[in-house]
file work.txt (compact mmCIF, C-alpha atoms and all ligand atoms)
# COMPACT_ATOMS: atom_id res chain seq x y z
CA MET A 17 18.02 50.10 19.28
CA PRO A 18 20.97 50.58 16.91
CA HIS A 19 20.41 49.64 13.29
CA GLY A 20 23.27 47.35 12.26
CA PRO A 21 23.70 44.81 9.54
CA LYS A 22 23.39 41.96 12.09
CA LYS A 23 19.78 42.74 12.85
CA THR A 24 17.58 40.00 11.37
CA LYS A 25 14.19 40.42 12.98
CA PRO A 26 11.97 43.36 11.98
CA GLU A 27 11.05 45.55 14.90
CA VAL A 28 7.35 45.51 15.82
CA LYS A 29 6.15 49.07 16.37
CA PRO A 30 3.04 49.45 18.47
CA GLY A 31 0.04 50.63 16.49
CA VAL A 32 1.37 49.43 13.14
CA PRO A 33 -0.93 46.77 11.68
CA GLN A 34 0.92 43.51 11.07
CA PRO A 35 0.65 41.93 7.62
CA GLY A 36 -1.05 38.56 7.38
CA ASN A 37 0.81 35.42 6.48
CA LEU A 38 2.40 36.11 3.13
CA ASN A 39 2.52 32.43 2.13
CA PRO A 40 -1.02 31.20 1.41
CA GLN A 41 0.25 27.59 1.46
CA LEU A 42 1.18 28.02 5.12
CA GLN A 43 -2.21 29.48 5.93
CA ARG A 44 -3.93 26.60 4.22
CA ARG A 45 -1.96 24.12 6.28
CA GLN A 46 -3.19 25.75 9.46
CA ARG A 47 -6.84 25.06 8.67
CA PRO A 48 -8.88 24.06 11.70
CA GLN A 49 -9.01 20.32 12.12
CA LEU A 50 -12.34 18.57 11.86
CA THR A 51 -13.73 16.23 14.49
CA ALA A 52 -13.65 12.47 13.85
CA GLU A 53 -17.41 12.57 13.15
CA GLN A 54 -16.95 15.36 10.60
CA TYR A 55 -14.19 13.42 8.87
CA VAL A 56 -16.36 10.29 8.72
CA ALA A 57 -19.31 12.30 7.37
CA GLY A 58 -17.07 13.91 4.72
CA ILE A 59 -15.65 10.55 3.71
CA ARG A 60 -19.13 9.04 3.50
CA ARG A 61 -20.15 11.91 1.21
CA GLY A 62 -17.28 10.87 -1.06
CA ASP A 63 -15.37 14.11 -0.45
CA ARG A 64 -11.92 13.34 -1.88
CA VAL A 65 -10.22 16.24 -0.12
CA ILE A 66 -11.41 15.10 3.31
CA LEU A 67 -10.52 11.51 2.43
CA GLY A 68 -7.00 12.64 1.52
CA GLN A 69 -6.67 14.60 4.77
CA ALA A 70 -7.85 11.60 6.80
CA ILE A 71 -5.26 9.37 5.11
CA THR A 72 -2.62 11.98 5.97
CA LEU A 73 -3.68 11.60 9.62
CA ILE A 74 -3.26 7.82 9.31
CA GLU A 75 0.24 8.41 7.96
CA SER A 76 1.20 10.95 10.63
CA ARG A 77 3.50 9.97 13.47
CA ARG A 78 1.99 12.50 15.88
CA ALA A 79 0.14 10.86 18.75
CA GLU A 80 -2.90 13.19 18.53
CA HIS A 81 -3.19 12.55 14.77
CA GLN A 82 -2.98 8.82 15.32
CA ALA A 83 -5.70 8.95 17.99
CA LEU A 84 -7.95 10.94 15.64
CA ALA A 85 -7.15 8.60 12.72
CA GLN A 86 -8.10 5.62 14.82
CA ARG A 87 -11.51 7.12 15.61
CA ILE A 88 -12.04 7.93 11.92
CA THR A 89 -11.10 4.38 10.89
CA GLU A 90 -13.48 2.95 13.50
CA GLY A 91 -16.24 5.23 12.22
CA CYS A 92 -15.63 4.02 8.66
CA LEU A 93 -15.36 0.33 9.50
CA PRO A 94 -19.13 -0.42 9.39
CA HIS A 95 -19.24 1.04 5.86
CA CYS A 96 -16.32 -0.82 4.33
CA GLY A 97 -15.88 -4.21 2.69
CA GLN A 98 -18.06 -3.67 -0.37
CA SER A 99 -15.29 -3.33 -2.94
CA VAL A 100 -13.16 -5.61 -5.05
CA ARG A 101 -9.56 -5.23 -3.92
CA ILE A 102 -7.10 -5.87 -6.72
CA GLY A 103 -3.34 -6.17 -6.21
CA ILE A 104 -1.17 -5.28 -9.22
CA THR A 105 2.53 -6.00 -9.44
CA GLY A 106 5.26 -6.11 -12.04
CA THR A 107 8.82 -4.90 -12.44
CA PRO A 108 9.45 -1.20 -13.08
CA GLY A 109 8.82 -0.38 -16.74
CA VAL A 110 6.37 -3.23 -17.37
CA GLY A 111 3.62 -0.63 -17.70
CA LYS A 112 1.80 -0.66 -14.35
CA SER A 113 0.91 3.04 -14.35
CA SER A 114 -0.12 2.96 -18.00
CA PHE A 115 -2.16 -0.19 -17.40
CA ILE A 116 -3.90 1.28 -14.36
CA GLU A 117 -4.78 4.40 -16.38
CA ALA A 118 -6.30 2.34 -19.23
CA PHE A 119 -7.95 -0.20 -16.94
CA GLY A 120 -9.21 2.52 -14.60
CA LEU A 121 -10.75 4.56 -17.40
CA HIS A 122 -12.49 1.42 -18.66
CA LEU A 123 -13.94 0.86 -15.17
CA LEU A 124 -15.05 4.48 -14.82
CA GLY A 125 -16.79 4.10 -18.18
CA GLN A 126 -18.79 1.27 -16.64
CA GLY A 127 -19.90 3.47 -13.75
CA HIS A 128 -17.43 2.26 -11.14
CA ARG A 129 -15.47 4.44 -8.72
CA LEU A 130 -11.81 3.57 -8.37
CA ALA A 131 -9.19 4.20 -5.70
CA VAL A 132 -5.53 3.49 -6.44
CA LEU A 133 -3.15 3.09 -3.51
CA ALA A 134 0.49 2.04 -3.59
CA ILE A 135 2.81 -0.01 -1.44
CA ASP A 136 6.38 0.90 -2.12
CA PRO A 137 8.78 0.46 0.79
CA THR A 138 11.60 1.78 -1.41
CA SER A 139 9.86 5.16 -1.45
CA GLN A 140 11.67 6.02 1.78
CA VAL A 141 14.76 6.27 -0.39
CA SER A 142 13.31 7.51 -3.65
CA HIS A 143 10.47 9.61 -2.18
CA GLY A 144 7.62 7.79 -3.85
CA SER A 145 8.96 6.14 -6.94
CA ILE A 146 5.63 4.64 -7.92
CA LEU A 147 2.58 6.80 -8.34
CA GLY A 148 4.78 9.72 -7.41
CA ASP A 149 4.88 10.49 -11.09
CA LYS A 150 1.23 10.60 -12.02
CA THR A 151 1.74 11.75 -15.56
CA ARG A 152 0.84 8.34 -16.93
CA MET A 153 -2.41 8.43 -14.95
CA GLU A 154 -3.33 11.94 -15.93
CA LYS A 155 -6.90 11.31 -17.04
CA LEU A 156 -7.62 9.02 -14.13
CA ALA A 157 -6.20 11.54 -11.66
CA ALA A 158 -8.39 14.27 -13.15
CA SER A 159 -11.61 12.29 -12.76
CA GLU A 160 -13.97 12.95 -9.85
CA GLN A 161 -14.70 9.24 -9.80
CA SER A 162 -11.18 8.19 -8.90
CA PHE A 163 -8.76 8.74 -6.06
CA ILE A 164 -5.01 8.18 -6.42
CA ARG A 165 -2.65 8.09 -3.48
CA PRO A 166 1.10 7.37 -3.51
CA SER A 167 2.76 5.10 -0.97
CA PRO A 168 3.33 6.56 2.50
CA ALA A 169 7.02 7.49 2.62
CA GLY A 170 9.66 6.92 5.26
CA GLU A 171 8.21 3.71 6.64
CA SER A 172 9.18 0.08 6.96
CA LEU A 173 7.18 -2.38 4.89
CA GLY A 174 5.17 -3.27 8.01
CA GLY A 175 4.32 0.40 8.56
CA VAL A 176 3.43 1.03 4.92
CA ALA A 177 1.26 -2.08 4.84
CA ARG A 178 -0.66 -1.19 8.00
CA LYS A 179 -1.32 2.34 6.78
CA THR A 180 -2.43 1.14 3.36
CA ARG A 181 -4.79 -1.35 4.94
CA GLU A 182 -6.40 1.43 6.94
CA ALA A 183 -6.55 3.63 3.84
CA ILE A 184 -8.49 0.84 2.08
CA ILE A 185 -11.14 1.01 4.80
CA LEU A 186 -11.51 4.77 4.33
CA CYS A 187 -11.65 4.51 0.53
CA GLU A 188 -14.37 1.86 0.73
CA ALA A 189 -16.38 3.96 3.16
CA ALA A 190 -16.06 6.80 0.62
CA GLY A 191 -17.86 4.62 -1.92
CA PHE A 192 -14.94 3.50 -4.09
CA ASP A 193 -16.07 0.07 -5.20
CA ILE A 194 -12.81 -0.95 -6.84
CA ILE A 195 -9.53 -0.59 -4.96
CA ILE A 196 -6.23 -1.16 -6.72
CA ILE A 197 -3.10 -1.65 -4.64
CA GLU A 198 -0.04 -1.25 -6.80
CA THR A 199 3.40 -2.48 -5.87
CA VAL A 200 6.78 -2.97 -7.54
CA GLY A 201 8.11 -6.44 -8.18
CA VAL A 202 10.91 -6.18 -5.66
CA GLY A 203 11.31 -7.30 -2.06
CA GLN A 204 8.53 -8.57 0.15
CA SER A 205 5.91 -6.05 -0.81
CA GLU A 206 3.97 -8.49 -3.02
CA THR A 207 3.29 -10.71 -0.03
CA ALA A 208 1.91 -7.72 1.84
CA VAL A 209 -0.28 -6.70 -1.11
CA HIS A 210 -1.43 -10.27 -1.66
CA SER A 211 -2.51 -10.47 1.97
CA MET A 212 -4.78 -7.44 1.69
CA THR A 213 -6.39 -8.00 -1.71
CA ASP A 214 -8.92 -10.40 -3.23
CA PHE A 215 -7.35 -10.77 -6.63
CA PHE A 216 -3.71 -10.62 -7.62
CA LEU A 217 -2.69 -9.48 -11.09
CA LEU A 218 0.88 -9.90 -12.33
CA LEU A 219 2.01 -7.87 -15.31
CA LEU A 220 4.80 -9.28 -17.46
CA LEU A 221 6.64 -8.22 -20.57
CA PRO A 222 6.56 -10.22 -23.80
CA GLY A 223 9.45 -12.70 -24.01
CA GLY A 224 12.04 -13.55 -21.40
CA GLY A 225 11.70 -16.14 -18.66
CA ASP A 226 10.85 -15.36 -15.04
CA GLU A 227 14.50 -14.92 -14.16
CA LEU A 228 15.05 -12.50 -17.00
CA GLN A 229 12.16 -10.40 -15.82
CA GLY A 230 13.31 -10.60 -12.21
CA ILE A 231 10.11 -12.33 -11.14
CA LYS A 232 10.31 -14.83 -8.31
CA ARG A 233 8.47 -18.11 -8.69
CA GLY A 234 6.48 -17.40 -5.52
CA ILE A 235 4.98 -14.34 -7.15
CA VAL A 236 3.89 -16.23 -10.26
CA GLU A 237 2.24 -18.74 -7.90
CA MET A 238 0.35 -15.96 -6.11
CA ALA A 239 -1.13 -14.59 -9.34
CA ASP A 240 -4.81 -15.06 -10.15
CA LEU A 241 -4.18 -13.58 -13.55
CA ILE A 242 -1.02 -12.96 -15.52
CA ALA A 243 -1.25 -10.27 -18.18
CA VAL A 244 1.50 -9.98 -20.77
CA ASN A 245 1.48 -6.23 -21.41
CA LYS A 246 2.81 -4.28 -24.40
CA ALA A 247 1.17 -6.78 -26.77
CA ASP A 248 1.17 -4.29 -29.63
CA GLY A 249 3.19 -3.53 -32.77
CA GLU A 250 6.05 -5.88 -33.38
CA ARG A 251 5.83 -7.35 -29.88
CA LEU A 252 2.38 -8.85 -30.44
CA ALA A 253 3.64 -12.19 -31.75
CA LEU A 254 6.15 -12.53 -28.92
CA ALA A 255 3.44 -11.65 -26.41
CA LYS A 256 1.20 -14.42 -27.77
CA GLN A 257 4.07 -16.87 -27.50
CA SER A 258 4.76 -15.82 -23.89
CA MET A 259 1.07 -16.19 -23.07
CA GLN A 260 1.16 -19.77 -24.30
CA GLU A 261 4.30 -20.55 -22.32
CA TYR A 262 2.83 -19.16 -19.12
CA ARG A 263 -0.44 -21.00 -19.70
CA ASN A 264 1.53 -24.24 -19.93
CA ALA A 265 3.56 -23.39 -16.83
CA LEU A 266 0.47 -22.55 -14.76
CA HIS A 267 -0.82 -26.10 -15.21
CA LEU A 268 2.06 -27.25 -13.05
CA PHE A 269 0.99 -25.18 -10.06
CA PRO A 270 -1.30 -26.59 -7.38
CA PRO A 271 -4.96 -25.51 -7.52
CA LYS A 272 -5.90 -22.41 -5.51
CA ASP A 273 -7.89 -22.48 -2.25
CA SER A 274 -10.37 -20.13 -3.89
CA GLY A 275 -11.22 -22.74 -6.52
CA TRP A 276 -10.18 -20.18 -9.14
CA THR A 277 -8.08 -21.33 -12.06
CA PRO A 278 -5.47 -18.68 -12.86
CA THR A 279 -5.38 -17.48 -16.44
CA VAL A 280 -2.94 -15.73 -18.74
CA GLU A 281 -3.97 -12.97 -21.14
CA ILE A 282 -2.25 -10.48 -23.37
CA CYS A 283 -3.02 -6.78 -23.26
CA SER A 284 -1.79 -3.40 -24.33
CA ALA A 285 -2.11 -0.41 -22.06
CA THR A 286 -1.41 1.72 -25.12
CA THR A 287 -4.11 0.43 -27.47
CA GLY A 288 -6.50 -0.86 -24.80
CA MET A 289 -6.50 -4.35 -26.31
CA GLY A 290 -7.33 -7.05 -23.73
CA ILE A 291 -8.30 -4.63 -20.97
CA PRO A 292 -12.08 -5.40 -20.98
CA GLU A 293 -11.27 -9.14 -20.96
CA ILE A 294 -9.09 -8.73 -17.87
CA TRP A 295 -11.90 -6.94 -16.05
CA GLN A 296 -14.26 -9.71 -17.15
CA HIS A 297 -12.01 -12.30 -15.46
CA ILE A 298 -11.91 -10.28 -12.24
CA PHE A 299 -15.67 -9.83 -12.34
CA SER A 300 -16.15 -13.60 -12.78
CA PHE A 301 -13.74 -14.28 -9.94
CA ARG A 302 -15.69 -11.96 -7.69
CA LYS A 303 -19.01 -13.58 -8.54
CA MET A 304 -17.61 -17.04 -7.96
CA ALA A 305 -15.82 -16.12 -4.72
CA SER A 306 -18.86 -14.33 -3.28
CA ALA A 307 -21.19 -17.19 -4.14
CA SER A 308 -18.93 -19.83 -2.64
CA GLY A 309 -18.33 -17.86 0.55
CA TYR A 310 -14.59 -17.76 -0.19
CA MET A 311 -14.53 -13.95 -0.28
CA ASP A 312 -15.81 -13.58 3.31
CA GLN A 313 -13.72 -16.41 4.61
CA HIS A 314 -10.58 -15.10 2.91
CA ARG A 315 -11.09 -11.59 4.25
CA ARG A 316 -11.56 -12.93 7.77
CA GLN A 317 -8.32 -14.87 7.39
CA GLN A 318 -6.59 -11.71 6.19
CA ALA A 319 -7.95 -9.75 9.18
CA ARG A 320 -6.52 -12.40 11.51
CA TYR A 321 -3.19 -12.35 9.67
CA TRP A 322 -2.95 -8.57 10.07
CA LEU A 323 -3.80 -8.79 13.77
CA TYR A 324 -0.79 -11.01 14.45
CA GLU A 325 1.40 -9.28 11.90
CA THR A 326 0.73 -5.89 13.52
CA ILE A 327 1.40 -7.26 17.01
CA ASP A 328 4.70 -8.75 15.78
CA ASN A 329 5.72 -5.51 14.11
CA GLN A 330 4.78 -3.25 17.00
CA LEU A 331 6.46 -5.47 19.59
CA ARG A 332 9.60 -5.64 17.50
CA ALA A 333 9.67 -1.89 17.00
CA ALA A 334 9.06 -1.26 20.73
CA PHE A 335 11.83 -3.71 21.62
CA PHE A 336 14.45 -2.08 19.43
CA GLN A 337 13.42 1.41 20.52
CA ASP A 338 13.62 0.52 24.23
CA GLN A 339 16.34 2.60 25.92
CA ALA A 340 17.67 -0.26 28.08
CA VAL A 341 17.80 -2.58 25.07
CA ARG A 342 19.58 0.00 22.94
CA GLU A 343 22.22 0.53 25.61
CA LYS A 344 23.02 -3.17 25.87
CA LEU A 345 22.37 -4.52 22.37
CA LYS A 346 25.80 -3.83 20.85
CA SER A 347 27.82 -5.16 23.83
CA ILE A 348 25.73 -8.32 24.02
CA GLU A 349 26.11 -8.80 20.26
CA ALA A 350 29.89 -8.38 20.63
CA ALA A 351 29.97 -10.92 23.49
CA ILE A 352 28.11 -13.42 21.31
CA LEU A 353 30.46 -12.85 18.37
CA ALA A 354 33.45 -13.29 20.73
CA GLY A 355 32.04 -16.63 21.90
CA GLN A 356 31.48 -15.40 25.47
CA LYS A 357 27.71 -15.86 25.37
CA THR A 358 25.31 -17.94 23.36
CA SER A 359 22.77 -16.23 21.11
CA PHE A 360 20.02 -17.58 23.34
CA GLN A 361 21.56 -16.15 26.51
CA GLY A 362 21.96 -12.80 24.78
CA ALA A 363 18.37 -12.80 23.58
CA GLU A 364 17.11 -13.81 27.03
CA GLU A 365 19.03 -10.97 28.68
CA LEU A 366 17.76 -8.38 26.25
CA LEU A 367 14.20 -9.62 26.45
CA ALA A 368 14.39 -9.62 30.23
CA LEU A 369 15.61 -6.02 30.11
CA PHE A 370 12.76 -5.14 27.79
CA LEU A 371 10.21 -6.85 29.96
CA LYS A 372 11.76 -5.12 32.98
CA LYS A 373 12.51 -8.45 34.61
CA ARG A 374 15.93 -8.05 36.07
CA ASP A 375 16.11 -11.38 37.82
CA PHE A 376 18.11 -13.37 35.27
CA PRO A 377 21.17 -15.15 36.63
CA GLY A 378 24.61 -13.57 36.28
P1 LIG A 401 5.67 1.13 -14.63
O1 LIG A 401 7.06 1.52 -14.23
O2 LIG A 401 5.47 -0.34 -14.51
O3 LIG A 401 4.60 1.93 -13.94
O4 LIG A 401 5.56 1.41 -16.20
P2 LIG A 401 4.97 2.69 -16.98
O5 LIG A 401 3.49 2.66 -17.03
O6 LIG A 401 5.62 3.89 -16.43
O7 LIG A 401 5.47 2.38 -18.46
C1 LIG A 401 6.83 2.27 -18.82
C2 LIG A 401 7.00 2.59 -20.30
O8 LIG A 401 6.35 1.60 -21.08
C3 LIG A 401 6.40 3.91 -20.70
O9 LIG A 401 7.25 4.51 -21.65
C4 LIG A 401 5.07 3.54 -21.32
O10 LIG A 401 4.65 4.47 -22.30
C5 LIG A 401 5.40 2.21 -21.96
N1 LIG A 401 4.22 1.32 -22.03
C6 LIG A 401 3.39 1.00 -21.03
N2 LIG A 401 2.43 0.16 -21.47
C7 LIG A 401 2.65 -0.05 -22.79
C8 LIG A 401 2.00 -0.83 -23.81
O11 LIG A 401 1.00 -1.51 -23.59
N3 LIG A 401 2.56 -0.81 -25.06
C9 LIG A 401 3.67 -0.09 -25.34
N4 LIG A 401 4.12 -0.12 -26.57
N5 LIG A 401 4.30 0.66 -24.40
C10 LIG A 401 3.80 0.69 -23.16
call {"tool": "encode", "arguments": {"input": "work.txt", "output": "structure tokens", "more": "lines below"}}
Ligand code: GDP
result
Amino acid sequence: MPHGPKKTKPEVKPGVPQPGNLNPQLQRRQRPQLTAEQYVAGIRRGDRVILGQAITLIESRRAEHQALAQRITEGCLPHCGQSVRIGITGTPGVGKSSFIEAFGLHLLGQGHRLAVLAIDPTSQVSHGSILGDKTRMEKLAASEQSFIRPSPAGESLGGVARKTREAIILCEAAGFDIIIIETVGVGQSETAVHSMTDFFLLLLLPGGGDELQGIKRGIVEMADLIAVNKADGERLALAKQSMQEYRNALHLFPPKDSGWTPTVEICSATTGMGIPEIWQHIFSFRKMASASGYMDQHRRQQARYWLYETIDNQLRAAFFQDQAVREKLKSIEAAILAGQKTSFQGAEELLALFLKKRDFPG
């Protein structure tokens, strides 16, 4: 074979030993996959590497990964449910990562094991804007007693939420007794986090009304506890004033189904002030909610909500991915906009196509 500059592939000579894979990262990725039972056993042992790999399977789009992930989740299901699930939200910069680091270290000091998951539908654009940068959770990330996982990327909110819910099951089976689900104070993600947690913590900055902080009223209403963070240095006085204002405002909200009265505290992720008190509130909530039966009832309600939510999401996704629907959608939309069809006729036609019923009139 002539040797020219165009030749790109090295010639394989018989008898010459071939070098192994030069990139150890690639070799590591090709590790043999475990069986579902081995994954479950590893998770139950609290093996964080196996737990991480199992969550990667949950996040994978490959059919064989999804089938394996489903068997792992089913294997973990009998061992889950023993944790407190805490949702944490607040606008970017309020100090969520710093708070979780300080709060988490406090919990580890008390002998708890903590998993931190995130729901961030914007991460499909920014590639994991929250928890992606773990530098503010350095000590927590280094601890054997904690597990930190950024939001699955490249997914709709429905997809992210479903995957996070399954990840909660795995983390609980791995013995993490406190699960934090972090989200940013934008979009619909708070509703998703609220519907998979027991306790909802809203972080705010000292001063500034809800509008100034970009917080929607609905989110304040969801909160079981509001913590005014950065209550240190010259912002302490302002933080105390904000606490009082929010305490007054909370009186105007209707009582919660849980029987819990939401509270407002100040804290500083930097100095640690107020962090033990916040945990004390959550601990009291848990005791109260377990004793009254609210915890079980609420989790059953959430399970039902996610059943219907998942059906809605999957049906919707299947509809819009359907080849026949995709071929017709734009022309039917144009006919509706031109006044040639009603929206209802258009929807009927598309649904009939989807359901493979082709017997509609016209
Ligand atoms: P996140 O975007 O909500 O996760 O916020 P970060 O945890 O990344 O914090 C944003 C900035 O606020 C960082 O520069 C932190 O050092 C700072 N910060 C966070 N908590 C506190 C606090 O309690 N006091 C003060 N003074 N600064 C804080």
call {"tool": "closest_residue", "arguments": {"input": "work.txt", "among": "A:Ser258, A:Ser114, A:Ser99, A:Ser159", "to": "Ser284 (chain A)", "atoms": "all atoms listed in the file"}}
result
A:Ser114
call {"tool": "closest_atom_pairs", "arguments": {"input": "work.txt", "of": "region 171-273 of chain A", "to": "region 298-303 of chain A", "cutoff": "12 Å", "atoms": "all atoms listed in the file", "output": "Markdown table"}}
result
| residue | atom | partner | partner_atom | distance |
| --- | --- | --- | --- | --- |
| A:Ile194 | CA | A:Ile298 | CA | 10.8 |
| A:Thr213 | CA | A:Arg302 | CA | 11.7 |
| A:Asp214 | CA | A:Arg302 | CA | 8.3 |
| A:Phe215 | CA | A:Ile298 | CA | 7.2 |
| A:Phe216 | CA | A:Ile298 | CA | 9.4 |
| A:Leu217 | CA | A:Ile298 | CA | 9.3 |
| A:Ala239 | CA | A:Ile298 | CA | 12.0 |
| A:Asp240 | CA | A:Ile298 | CA | 8.8 |
| A:Leu241 | CA | A:Ile298 | CA | 8.5 |
| A:Ile242 | CA | A:Ile298 | CA | 11.7 |
call {"tool": "closest_residue", "arguments": {"input": "work.txt", "among": "A:Ala363, A:Leu220, A:Ala57, A:Ile184", "to": "Val110 (chain A)", "atoms": "only C-alpha atoms"}}
result
A:Leu220
call {"tool": "atom_distance", "arguments": {"input": "work.txt", "atom1": "CA of Leu156 (chain A)", "atom2": "CA of Val132 (chain A)"}}
result
9.7 Å
call {"tool": "atom_distance", "arguments": {"input": "work.txt", "atom1": "CA of Ala189 (chain A)", "atom2": "CA of Val176 (chain A)"}}
result
20.1 Å
call {"tool": "decode", "arguments": {"input": "work.txt", "residues": "region 109-116 of chain A", "atoms": "all heavy atoms", "output": "mmCIF file, in the first residue's frame"}}
result
data_model
loop_
_atom_site.group_PDB
_atom_site.id
_atom_site.type_symbol
_atom_site.label_atom_id
_atom_site.label_comp_id
_atom_site.auth_asym_id
_atom_site.auth_seq_id
_atom_site.Cartn_x
_atom_site.Cartn_y
_atom_site.Cartn_z
ATOM 1 N N GLY A 109 -28.086 33.459 43.925
ATOM 2 C CA GLY A 109 -27.332 34.433 44.704
ATOM 3 C C GLY A 109 -27.821 34.596 46.128
ATOM 4 O O GLY A 109 -27.150 35.218 46.950
ATOM 5 N N VAL A 110 -28.982 34.012 46.455
ATOM 6 C CA VAL A 110 -29.510 34.155 47.817
ATOM 7 C C VAL A 110 -28.636 33.372 48.816
ATOM 8 O O VAL A 110 -28.626 33.681 50.013
ATOM 9 C CB VAL A 110 -31.000 33.719 47.883
ATOM 10 C CG1 VAL A 110 -31.158 32.222 47.701
ATOM 11 C CG2 VAL A 110 -31.650 34.155 49.179
ATOM 12 N N GLY A 111 -27.919 32.396 48.295
ATOM 13 C CA GLY A 111 -27.022 31.630 49.174
ATOM 14 C C GLY A 111 -27.429 30.180 49.371
ATOM 15 O O GLY A 111 -27.090 29.589 50.393
ATOM 16 N N LYS A 112 -28.125 29.607 48.387
ATOM 17 C CA LYS A 112 -28.601 28.219 48.545
ATOM 18 C C LYS A 112 -27.437 27.238 48.746
ATOM 19 O O LYS A 112 -27.459 26.450 49.684
ATOM 20 C CB LYS A 112 -29.418 27.784 47.321
ATOM 21 C CG LYS A 112 -30.766 28.481 47.218
ATOM 22 C CD LYS A 112 -31.533 28.018 46.010
ATOM 23 C CE LYS A 112 -30.865 28.347 44.691
ATOM 24 N NZ LYS A 112 -30.643 29.781 44.451
ATOM 25 N N SER A 113 -26.444 27.316 47.865
ATOM 26 C CA SER A 113 -25.326 26.364 47.980
ATOM 27 C C SER A 113 -24.607 26.551 49.304
ATOM 28 O O SER A 113 -24.297 25.581 50.000
ATOM 29 C CB SER A 113 -24.319 26.566 46.854
ATOM 30 O OG SER A 113 -24.973 26.616 45.636
ATOM 31 N N SER A 114 -24.359 27.811 49.665
ATOM 32 C CA SER A 114 -23.651 28.077 50.929
ATOM 33 C C SER A 114 -24.487 27.598 52.109
ATOM 34 O O SER A 114 -23.957 27.025 53.068
ATOM 35 C CB SER A 114 -23.392 29.581 51.081
ATOM 36 O OG SER A 114 -22.932 30.127 49.880
ATOM 37 N N PHE A 115 -25.799 27.814 52.028
ATOM 38 C CA PHE A 115 -26.684 27.374 53.111
ATOM 39 C C PHE A 115 -26.653 25.853 53.228
ATOM 40 O O PHE A 115 -26.539 25.303 54.324
ATOM 41 C CB PHE A 115 -28.124 27.855 52.857
ATOM 42 C CG PHE A 115 -29.095 27.348 53.884
ATOM 43 C CD1 PHE A 115 -29.278 28.019 55.076
ATOM 44 C CD2 PHE A 115 -29.789 26.154 53.669
ATOM 45 C CE1 PHE A 115 -30.153 27.529 56.040
ATOM 46 C CE2 PHE A 115 -30.653 25.661 54.625
ATOM 47 C CZ PHE A 115 -30.846 26.345 55.815
ATOM 48 N N ILE A 116 -26.751 25.175 52.083
ATOM 49 C CA ILE A 116 -26.791 23.706 52.113
ATOM 50 C C ILE A 116 -25.478 23.159 52.690
ATOM 51 O O ILE A 116 -25.478 22.194 53.449
ATOM 52 C CB ILE A 116 -27.109 23.131 50.715
ATOM 53 C CG1 ILE A 116 -28.545 23.515 50.319
ATOM 54 C CG2 ILE A 116 -26.950 21.614 50.697
ATOM 55 C CD1 ILE A 116 -28.910 23.206 48.879
#
